[in-house]
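Enquirer: For reference, this is coords.txt, and it has compact mmCIF, C-alpha atoms.
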```
# COMPACT_ATOMS: atom_id res chain seq x y z
CA MET A 1 19.62 47.05 -8.52
CA LYS A 2 16.83 45.04 -10.15
CA GLN A 3 15.13 42.14 -8.44
CA ILE A 4 11.98 40.07 -8.70
CA GLN A 5 9.84 40.74 -5.66
CA LEU A 6 6.87 38.83 -4.27
CA SER A 7 4.83 41.36 -2.28
CA SER A 8 2.39 38.69 -1.03
CA PHE A 9 1.54 35.15 -2.07
CA GLY A 10 0.17 34.69 -5.57
CA ILE A 11 1.94 34.99 -8.94
CA GLN A 12 -0.10 38.13 -9.65
CA ASN A 13 1.88 39.78 -6.83
CA LEU A 14 5.23 39.16 -8.53
CA SER A 15 6.97 42.19 -10.03
CA LEU A 16 10.32 43.47 -11.31
CA ALA A 17 11.37 46.07 -8.77
CA ASP A 18 14.22 48.42 -7.92
CA ALA A 19 15.99 47.72 -4.64
CA PRO A 20 19.08 49.12 -2.91
CA GLU A 21 22.31 47.19 -3.45
CA PRO A 22 23.30 45.10 -0.41
CA GLY A 23 26.41 47.15 0.38
CA LYS A 24 29.96 46.07 1.12
CA PRO A 25 30.61 42.57 2.46
CA LYS A 26 31.35 42.26 6.16
CA ALA A 27 33.84 39.81 7.66
CA GLY A 28 33.26 36.33 6.26
CA GLN A 29 30.93 37.57 3.51
CA VAL A 30 31.16 37.55 -0.29
CA LEU A 31 29.35 39.92 -2.69
CA VAL A 32 28.23 38.17 -5.86
CA ARG A 33 26.88 39.64 -9.09
CA MET A 34 24.21 37.12 -10.09
CA ARG A 35 24.10 36.16 -13.78
CA ALA A 36 21.50 33.40 -14.01
CA ALA A 37 18.93 31.45 -12.00
CA SER A 38 16.96 28.30 -12.75
CA LEU A 39 13.46 27.29 -11.72
CA ASN A 40 12.27 24.34 -9.65
CA PHE A 41 8.80 22.97 -8.93
CA ARG A 42 9.26 24.29 -5.41
CA ASP A 43 9.37 27.90 -6.67
CA ASN A 44 5.79 27.84 -7.95
CA LEU A 45 4.62 26.30 -4.67
CA VAL A 46 6.42 28.99 -2.64
CA ILE A 47 5.01 31.81 -4.76
CA ALA A 48 1.47 30.41 -4.48
CA GLY A 49 1.81 30.13 -0.68
CA LYS A 50 1.37 26.34 -0.85
CA TYR A 51 4.88 25.34 0.19
CA ASN A 52 4.92 27.17 3.51
CA PRO A 53 2.33 29.90 4.09
CA LYS A 54 4.43 31.10 7.05
CA PHE A 55 7.29 32.24 4.83
CA PRO A 56 7.76 36.02 5.22
CA THR A 57 6.76 38.42 2.46
CA PRO A 58 7.83 40.54 0.69
CA MET A 59 10.53 38.19 -0.52
CA VAL A 60 12.74 37.43 -3.52
CA PRO A 61 11.92 33.96 -4.90
CA CYS A 62 14.05 31.22 -6.48
CA SER A 63 16.69 28.94 -4.96
CA ASP A 64 19.18 28.26 -7.77
CA GLY A 65 21.74 30.77 -9.00
CA ALA A 66 25.12 31.39 -10.61
CA GLY A 67 27.26 34.50 -10.63
CA GLU A 68 30.71 35.99 -10.15
CA VAL A 69 32.46 37.33 -7.07
CA VAL A 70 32.83 41.12 -7.15
CA GLU A 71 34.06 41.80 -3.60
CA ILE A 72 35.14 39.83 -0.53
CA GLY A 73 34.99 40.69 3.16
CA GLU A 74 37.70 40.48 5.79
CA GLY A 75 38.92 36.97 6.54
CA VAL A 76 37.56 35.37 3.35
CA THR A 77 40.19 32.99 1.97
CA GLU A 78 38.25 30.63 -0.29
CA TRP A 79 37.20 33.19 -2.90
CA LYS A 80 38.72 36.00 -4.93
CA VAL A 81 37.24 38.66 -7.20
CA GLY A 82 36.25 37.18 -10.56
CA ASP A 83 35.56 33.64 -9.33
CA LYS A 84 32.52 32.00 -10.93
CA VAL A 85 30.34 30.55 -8.21
CA LEU A 86 27.06 28.78 -7.50
CA ALA A 87 24.78 29.45 -4.55
CA THR A 88 24.05 26.60 -2.16
CA PHE A 89 20.37 25.99 -1.45
CA ALA A 90 20.93 25.76 2.32
CA PRO A 91 23.92 28.01 3.16
CA ASN A 92 24.56 26.40 6.57
CA TRP A 93 24.27 22.77 5.42
CA ILE A 94 27.88 21.66 4.97
CA ALA A 95 28.29 17.89 5.55
CA ASP A 96 26.07 14.98 4.50
CA HIS A 97 23.76 15.24 7.50
CA ALA A 98 22.21 18.42 8.85
CA THR A 99 20.02 19.64 11.67
CA HIS A 100 16.41 20.61 11.04
CA GLN A 101 17.38 24.28 11.31
CA GLU A 102 20.21 23.91 8.77
CA MET A 103 17.93 22.11 6.31
CA ARG A 104 15.17 24.72 6.56
CA HIS A 105 17.42 27.82 6.35
CA THR A 106 17.11 28.01 2.55
CA LEU A 107 17.20 30.43 -0.37
CA GLY A 108 13.89 31.28 -2.02
CA GLY A 109 12.02 30.96 1.28
CA PRO A 110 12.41 31.76 4.08
CA LEU A 111 15.59 33.57 2.95
CA ASP A 112 15.46 35.93 -0.02
CA GLY A 113 16.31 34.04 -3.19
CA THR A 114 18.42 34.44 -6.30
CA LEU A 115 16.32 36.55 -8.69
CA ARG A 116 18.29 39.73 -7.99
CA GLU A 117 21.42 41.35 -9.36
CA TYR A 118 23.56 41.34 -6.20
CA ILE A 119 23.61 39.06 -3.14
CA LEU A 120 25.76 38.92 -0.02
CA PHE A 121 26.61 35.30 0.80
CA PRO A 122 28.46 33.75 3.72
CA GLU A 123 31.78 32.36 2.50
CA THR A 124 30.51 28.79 2.88
CA GLY A 125 27.25 29.54 1.03
CA LEU A 126 28.98 29.19 -2.33
CA VAL A 127 30.76 26.52 -4.37
CA ALA A 128 32.96 26.84 -7.45
CA MET A 129 31.16 26.47 -10.77
CA PRO A 130 32.44 23.72 -13.10
CA LYS A 131 34.84 25.45 -15.47
CA HIS A 132 33.30 24.19 -18.73
CA LEU A 133 29.80 25.49 -17.97
CA SER A 134 28.15 28.82 -18.77
CA PHE A 135 26.36 30.76 -16.03
CA GLU A 136 23.05 29.53 -17.46
CA GLU A 137 24.19 25.91 -17.30
CA GLY A 138 25.75 26.31 -13.87
CA ALA A 139 22.55 27.80 -12.47
CA THR A 140 20.73 24.50 -13.06
CA LEU A 141 22.89 22.57 -10.56
CA PRO A 142 22.16 23.69 -6.95
CA CYS A 143 18.83 21.90 -6.39
CA ALA A 144 17.91 19.53 -9.22
CA ALA A 145 21.35 18.11 -9.93
CA LEU A 146 22.35 17.83 -6.27
CA THR A 147 19.08 16.07 -5.44
CA ALA A 148 19.83 13.40 -8.05
CA TRP A 149 23.47 13.16 -6.96
CA SER A 150 22.56 12.83 -3.27
CA SER A 151 20.15 10.03 -4.15
CA PHE A 152 22.82 7.95 -5.86
CA HIS A 153 26.04 8.89 -4.10
CA VAL A 154 25.22 10.13 -0.57
CA PHE A 155 22.22 8.18 0.70
CA SER A 156 22.78 5.06 -1.40
CA LYS A 157 25.46 3.59 -3.65
CA LEU A 158 24.87 3.49 -7.40
CA LEU A 159 27.15 0.92 -9.04
CA PRO A 160 27.95 -0.06 -12.64
CA GLY A 161 25.39 -2.56 -13.88
CA HIS A 162 22.62 -1.31 -11.58
CA THR A 163 19.19 -0.61 -13.03
CA VAL A 164 17.55 2.78 -12.47
CA VAL A 165 13.97 3.91 -13.08
CA VAL A 166 13.59 7.61 -13.87
CA GLN A 167 10.13 9.19 -13.87
CA GLY A 168 9.52 12.00 -16.33
CA THR A 169 11.84 14.53 -17.93
CA GLY A 170 12.05 17.44 -15.49
CA GLY A 171 15.29 18.74 -14.02
CA VAL A 172 15.88 16.12 -11.28
CA SER A 173 14.87 13.27 -13.58
CA LEU A 174 17.22 14.22 -16.41
CA PHE A 175 20.15 14.75 -14.07
CA ALA A 176 19.36 11.32 -12.59
CA LEU A 177 19.42 9.87 -16.11
CA GLN A 178 22.76 11.53 -16.88
CA PHE A 179 24.37 10.53 -13.57
CA ALA A 180 23.10 6.97 -13.92
CA LYS A 181 24.61 6.61 -17.39
CA GLN A 182 27.80 8.25 -16.14
CA ALA A 183 28.02 5.49 -13.51
CA GLY A 184 27.43 2.67 -15.99
CA ALA A 185 23.84 1.88 -15.02
CA LYS A 186 20.90 0.90 -17.22
CA VAL A 187 18.01 3.36 -17.24
CA PHE A 188 14.26 2.90 -17.63
CA LEU A 189 12.63 6.23 -18.51
CA THR A 190 8.89 6.84 -18.12
CA SER A 191 6.92 9.69 -19.71
CA SER A 192 3.53 10.32 -21.30
CA SER A 193 5.17 12.02 -24.30
CA GLU A 194 6.71 10.04 -27.17
CA GLU A 195 8.69 13.14 -28.14
CA LYS A 196 10.20 13.42 -24.67
CA LEU A 197 10.95 9.70 -24.59
CA SER A 198 12.79 10.07 -27.88
CA LYS A 199 14.85 12.91 -26.45
CA GLY A 200 15.54 10.81 -23.37
CA LYS A 201 16.83 8.01 -25.59
CA SER A 202 19.32 10.46 -27.13
CA LEU A 203 20.64 11.08 -23.59
CA GLY A 204 21.23 7.37 -23.11
CA ALA A 205 17.98 5.93 -21.74
CA ASP A 206 18.00 2.17 -22.41
CA PHE A 207 14.28 1.40 -22.05
CA LEU A 208 11.39 3.77 -22.78
CA ILE A 209 7.91 3.39 -21.23
CA ASN A 210 4.89 5.55 -22.04
CA TYR A 211 2.92 5.41 -18.80
CA LYS A 212 -0.31 6.47 -20.52
CA GLU A 213 -0.09 3.42 -22.75
CA VAL A 214 1.28 1.22 -19.93
CA PRO A 215 -0.30 2.45 -16.67
CA GLU A 216 1.02 -0.61 -14.81
CA TRP A 217 4.61 0.19 -15.79
CA GLY A 218 5.94 -1.35 -12.57
CA LYS A 219 4.97 -4.79 -13.86
CA GLN A 220 6.58 -4.08 -17.22
CA ILE A 221 9.86 -3.16 -15.53
CA ARG A 222 9.77 -6.40 -13.56
CA SER A 223 9.19 -8.26 -16.82
CA LEU A 224 12.06 -6.46 -18.55
CA THR A 225 14.39 -7.29 -15.64
CA GLU A 226 13.54 -11.04 -15.66
CA LYS A 227 11.17 -10.50 -12.69
CA ILE A 228 14.00 -9.13 -10.54
CA GLY A 229 13.08 -5.42 -10.44
CA ALA A 230 15.18 -2.26 -10.48
CA ASP A 231 17.90 -1.28 -8.00
CA HIS A 232 16.91 2.41 -7.84
CA ILE A 233 13.64 4.24 -8.42
CA VAL A 234 13.77 8.03 -8.77
CA GLU A 235 10.28 8.76 -7.41
CA VAL A 236 9.09 12.28 -8.29
CA GLY A 237 5.36 11.55 -8.46
CA GLY A 238 4.58 10.82 -4.82
CA ALA A 239 1.46 8.96 -3.76
CA GLY A 240 0.14 8.89 -7.33
CA THR A 241 3.03 6.77 -8.62
CA LEU A 242 4.50 5.17 -5.50
CA GLU A 243 2.51 1.94 -5.90
CA GLN A 244 4.09 1.31 -9.31
CA SER A 245 7.53 2.21 -7.93
CA ILE A 246 7.12 -0.41 -5.18
CA ILE A 247 6.16 -3.01 -7.78
CA ALA A 248 9.14 -2.05 -9.96
CA CYS A 249 11.69 -2.13 -7.12
CA LYS A 250 13.81 -5.24 -6.46
CA PRO A 251 14.31 -6.73 -2.97
CA PHE A 252 16.70 -4.53 -1.00
CA GLY A 253 16.37 -1.83 -3.65
CA VAL A 254 15.94 1.89 -2.98
CA ILE A 255 13.05 4.22 -3.76
CA HIS A 256 14.39 7.78 -3.72
CA LEU A 257 11.34 9.81 -2.69
CA ILE A 258 11.85 13.29 -4.14
CA GLY A 259 8.61 14.87 -5.32
CA ILE A 260 4.83 14.87 -5.13
CA LEU A 261 3.99 15.81 -8.73
CA ALA A 262 1.27 13.16 -8.98
CA GLY A 263 -0.44 13.94 -5.67
CA ARG A 264 -0.05 13.95 -1.91
CA SER A 265 -2.47 11.25 -0.79
CA GLY A 266 -3.64 7.83 -1.81
CA GLU A 267 -4.15 4.31 -0.49
CA LEU A 268 -0.99 2.23 -0.60
CA ASN A 269 -0.22 -1.40 0.07
CA LEU A 270 3.04 -1.12 2.01
CA LEU A 271 3.39 -4.82 2.69
CA PRO A 272 5.72 -5.36 -0.32
CA VAL A 273 8.04 -2.68 1.10
CA VAL A 274 8.36 -4.72 4.30
CA MET A 275 8.49 -8.16 2.68
CA ASN A 276 11.15 -7.12 0.14
CA ASN A 277 13.30 -5.01 2.47
CA ILE A 278 12.83 -1.98 0.22
CA LYS A 279 14.37 1.25 1.45
CA VAL A 280 12.28 4.41 0.93
CA GLN A 281 14.68 7.35 1.26
CA GLY A 282 13.41 10.92 1.37
CA ILE A 283 15.71 13.34 -0.46
CA VAL A 284 15.88 17.11 0.00
CA VAL A 285 18.80 18.43 -2.11
CA GLY A 286 22.04 17.95 -0.11
CA GLY A 287 24.95 19.61 1.65
CA ARG A 288 27.89 21.69 0.45
CA LYS A 289 30.43 18.86 0.49
CA ALA A 290 28.21 16.72 -1.72
CA PHE A 291 27.77 19.72 -4.04
CA GLN A 292 31.54 20.06 -4.36
CA ALA A 293 31.96 16.33 -5.03
CA MET A 294 29.23 16.45 -7.67
CA ASN A 295 30.78 19.46 -9.42
CA ALA A 296 34.15 17.70 -9.52
CA ALA A 297 32.49 14.71 -11.24
CA ILE A 298 30.61 16.99 -13.66
CA GLU A 299 33.81 18.81 -14.58
CA ALA A 300 35.82 15.60 -14.99
CA SER A 301 33.19 14.04 -17.27
CA GLY A 302 32.29 17.19 -19.21
CA LEU A 303 28.60 16.62 -18.46
CA LYS A 304 26.30 19.34 -19.82
CA PRO A 305 22.96 20.13 -18.15
CA VAL A 306 19.84 19.97 -20.33
CA ILE A 307 18.26 23.41 -20.71
CA ASP A 308 14.84 23.75 -22.33
CA ARG A 309 14.45 27.56 -22.51
CA ILE A 310 16.12 30.71 -21.26
CA PHE A 311 14.02 33.75 -20.27
CA PRO A 312 15.08 37.31 -19.39
CA LEU A 313 14.47 38.53 -15.83
CA SER A 314 11.59 40.69 -17.07
CA GLU A 315 9.72 37.54 -18.21
CA THR A 316 9.90 35.66 -14.91
CA LYS A 317 6.10 35.23 -14.77
CA GLU A 318 6.12 33.69 -18.23
CA ALA A 319 8.94 31.36 -17.21
CA LEU A 320 6.99 30.24 -14.12
CA ASP A 321 3.86 29.65 -16.20
CA TYR A 322 5.92 27.58 -18.63
CA LEU A 323 7.26 25.52 -15.72
CA LYS A 324 3.72 24.99 -14.44
CA SER A 325 2.58 23.77 -17.87
CA GLY A 326 4.86 20.74 -17.59
CA SER A 327 5.76 20.90 -21.27
CA HIS A 328 9.47 21.52 -20.68
CA PHE A 329 12.26 18.98 -21.19
CA GLY A 330 15.02 19.75 -18.71
CA LYS A 331 15.63 23.02 -16.91
CA ILE A 332 14.16 26.51 -17.35
CA VAL A 333 16.67 29.30 -16.84
CA ILE A 334 16.34 33.04 -16.18
CA GLN A 335 19.14 35.41 -17.17
CA ILE A 336 19.86 38.14 -14.63
```
For this file, produce the structure as structure tokens.

Expert:
Amino acid sequence: MKQIQLSSFGIQNLSLADAPEPGKPKAGQVLVRMRAASLNFRDNLVIAGKYNPKFPTPMVPCSDGAGEVVEIGEGVTEWKVGDKVLATFAPNWIADHATHQEMRHTLGGPLDGTLREYILFPETGLVAMPKHLSFEEGATLPCAALTAWSSFHVFSKLLPGHTVVVQGTGGVSLFALQFAKQAGAKVFLTSSSEEKLSKGKSLGADFLINYKEVPEWGKQIRSLTEKIGADHIVEVGGAGTLEQSIIACKPFGVIHLIGILAGRSGELNLLPVVMNNIKVQGIVVGGRKAFQAMNAAIEASGLKPVIDRIFPLSETKEALDYLKSGSHFGKIVIQI
């Protein structure tokens, strides 16, 4: 079978290679023919050796994937041949809360990832794909969508009429925008691109803020909310944007801390967090039960993921470079 292999850290060490098929599934296992994968910011960090330099190599990168069941092992009752399925990021993370070991036992490092034609999964390492989605669309859900869903529906409670601030137009951010509108919330979208802001408006964003033109966008959000602030901030920037998120957040609001796109360090005044009872909640994807609940909501609403471009497996390096450029709007998908 074909797979993308990282022989050692560095994108120059990424290649399309031949590998033996994984063989027949054992008891409790499911063999899946992978059809698509999607990229996350994490993938470039893993490949560069910046996410965790202790991850073993050689390895197969990428955490998100969709495919179809081709064979089941003894005792498997949840799946049958032909089922369309999605891989879970952390195969042993089932409920809302997990142990450190369950949270770190993940595809695309340290476990081999999804950029390969066949994978043996544990029965509980899969969920059913929403019926109205293609493999390419389904492959966008395991990390980005579930991160946004967990923020709003597992670790906090998004309600109709709430206000949500979404930073940028990457995968997590656009799913957050879609889920927020699905729940009846008002959305403030920030970006440095007028073109991307316009696209965000077409997805339902209520207020658009160009953070290059308005660097103190936190104050503008307070002004637009009659000095109250927003209920939820989807924080993907990290230290570089957290100060503005704190300013934008209402008393007893939630900052969902997801990414570090704008930097890892910086001086912060944390007094407003204390004085306003602001909750800062770290989010790393989510468990299988949350994934199933999210997929049920996606299927019921007919929600369609936003895909920017689709690349063939042979152009994985080009896809990763495109991700790194930051010029995409939505998810980048690789067909397998």

Enquirer: Give the answer as one residue: which of A:Val154, A:Val165, A:Ile258, A:Met1 has the shortest atom-to-atom distance to A:His232, using only C-alpha atoms?

Expert: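 Among A:Val154, A:Val165, A:Ile258, A:Met1, it is A:Val165 that comes nearest to A:His232.
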
Enquirer: Leaving out A:Val127 and any residue of its chain fewer than 5 positions from it, which residues lie within 9 Å of it when counting all atoms listed in the file, given as a PDB file with C-alpha atoms, in the frame of the given file?

Expert:
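Output saved as selection.pdb:
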```pdb
ATOM      1  CA  LYS A  84      32.520  32.000 -10.930  1.00  0.00           C
ATOM      2  CA  VAL A  85      30.340  30.550  -8.210  1.00  0.00           C
ATOM      3  CA  LEU A  86      27.060  28.780  -7.500  1.00  0.00           C
ATOM      4  CA  ALA A  87      24.780  29.450  -4.550  1.00  0.00           C
ATOM      5  CA  THR A  88      24.050  26.600  -2.160  1.00  0.00           C
ATOM      6  CA  ARG A 288      27.890  21.690   0.450  1.00  0.00           C
ATOM      7  CA  PHE A 291      27.770  19.720  -4.040  1.00  0.00           C
ATOM      8  CA  GLN A 292      31.540  20.060  -4.360  1.00  0.00           C
ATOM      9  CA  ASN A 295      30.780  19.460  -9.420  1.00  0.00           C
TER      10      ASN A 295
END
```

Enquirer: Using all atoms listed in the file, what does the table of stretch 117-171 of chain A residues within 12 Å of stretch 215-225 of chain A look like, with each row giving the shortest atom pair and its distance in Å to one decimal, sorted by chain and ascending number, as CSV?

Expert:
```
residue,atom,partner,partner_atom,distance
A:His162,CA,A:Thr225,CA,11.0
A:Thr163,CA,A:Thr225,CA,8.6
A:Val164,CA,A:Ile221,CA,10.2
A:Val165,CA,A:Ile221,CA,8.5
A:Val166,CA,A:Ile221,CA,11.5
A:Gln167,CA,A:Trp217,CA,10.7
```

Enquirer: Got a sec: who's within 12 Å of stretch 24-26 of chain A, counting all atoms listed in the file, leaving out chain neighbours fewer than 5 positions off, as a short mmCIF file (atom, residue, chain, number, x, y, z; two decimals) with C-alpha atoms, in the coordinates of the input?

Expert:
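Below you can see out_25.cif, which holds the result:
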```cif
data_model
loop_
_atom_site.label_atom_id
_atom_site.label_comp_id
_atom_site.auth_asym_id
_atom_site.auth_seq_id
_atom_site.Cartn_x
_atom_site.Cartn_y
_atom_site.Cartn_z
CA LEU A 31 29.35 39.92 -2.69
CA VAL A 32 28.23 38.17 -5.86
CA VAL A 69 32.46 37.33 -7.07
CA VAL A 70 32.83 41.12 -7.15
CA GLU A 71 34.06 41.80 -3.60
CA ILE A 72 35.14 39.83 -0.53
CA GLY A 73 34.99 40.69 3.16
CA GLU A 74 37.70 40.48 5.79
CA GLY A 75 38.92 36.97 6.54
CA VAL A 76 37.56 35.37 3.35
CA TYR A 118 23.56 41.34 -6.20
CA ILE A 119 23.61 39.06 -3.14
CA LEU A 120 25.76 38.92 -0.02
CA PHE A 121 26.61 35.30 0.80
CA PRO A 122 28.46 33.75 3.72
CA GLU A 123 31.78 32.36 2.50
#
```

Enquirer: For each of A:Arg35, A:Thr57, A:Asp231, A:Leu45, take the minimum atom-to-atom distance to A:Ser7, counting all atoms listed in the file, then give the residue where this is smallest.

Expert: A:Thr57

Enquirer: What gap, in Å, lies between atom CA of A:Asn276 and atom CA of A:Ala230?

Expert: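 Calculated distance between atom CA of A:Asn276 and atom CA of A:Ala230 is 12.4 Å.
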
Enquirer: Calculate how many Å separate atom CA of A:Ala148 from atom CA of A:Phe179, rounding to one decimal.

Expert: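 Distance between the two atoms: 7.7 Å.
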
Enquirer: Which residue gives the smallest distance to A:Gly282 among A:Val254, A:Ala205, A:Ala248, A:Ala319, with all atoms listed in the file counted?

Expert: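 Closest residue, counting all atoms listed in the file: A:Val254.
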
Enquirer: Considering all atoms listed in the file, can you say which of A:Arg42, A:Lys2, A:Lys304, A:Lys196 comes closest to A:Gly259?

Expert: A:Arg42

Enquirer: Would you kindly identify which residues have an atom no farther than 7 Å from (9.4, 3.6, -19.2), using only C-alpha atoms and the file's own coordinates, and write them out as a PyMOL selection string?

Expert: chain A and resi 188-191+207-211+217

Enquirer: Which distance in Å separates atom CA of A:Asp308 and atom CA of A:Phe175, to one decimal?

Expert: 13.3 Å
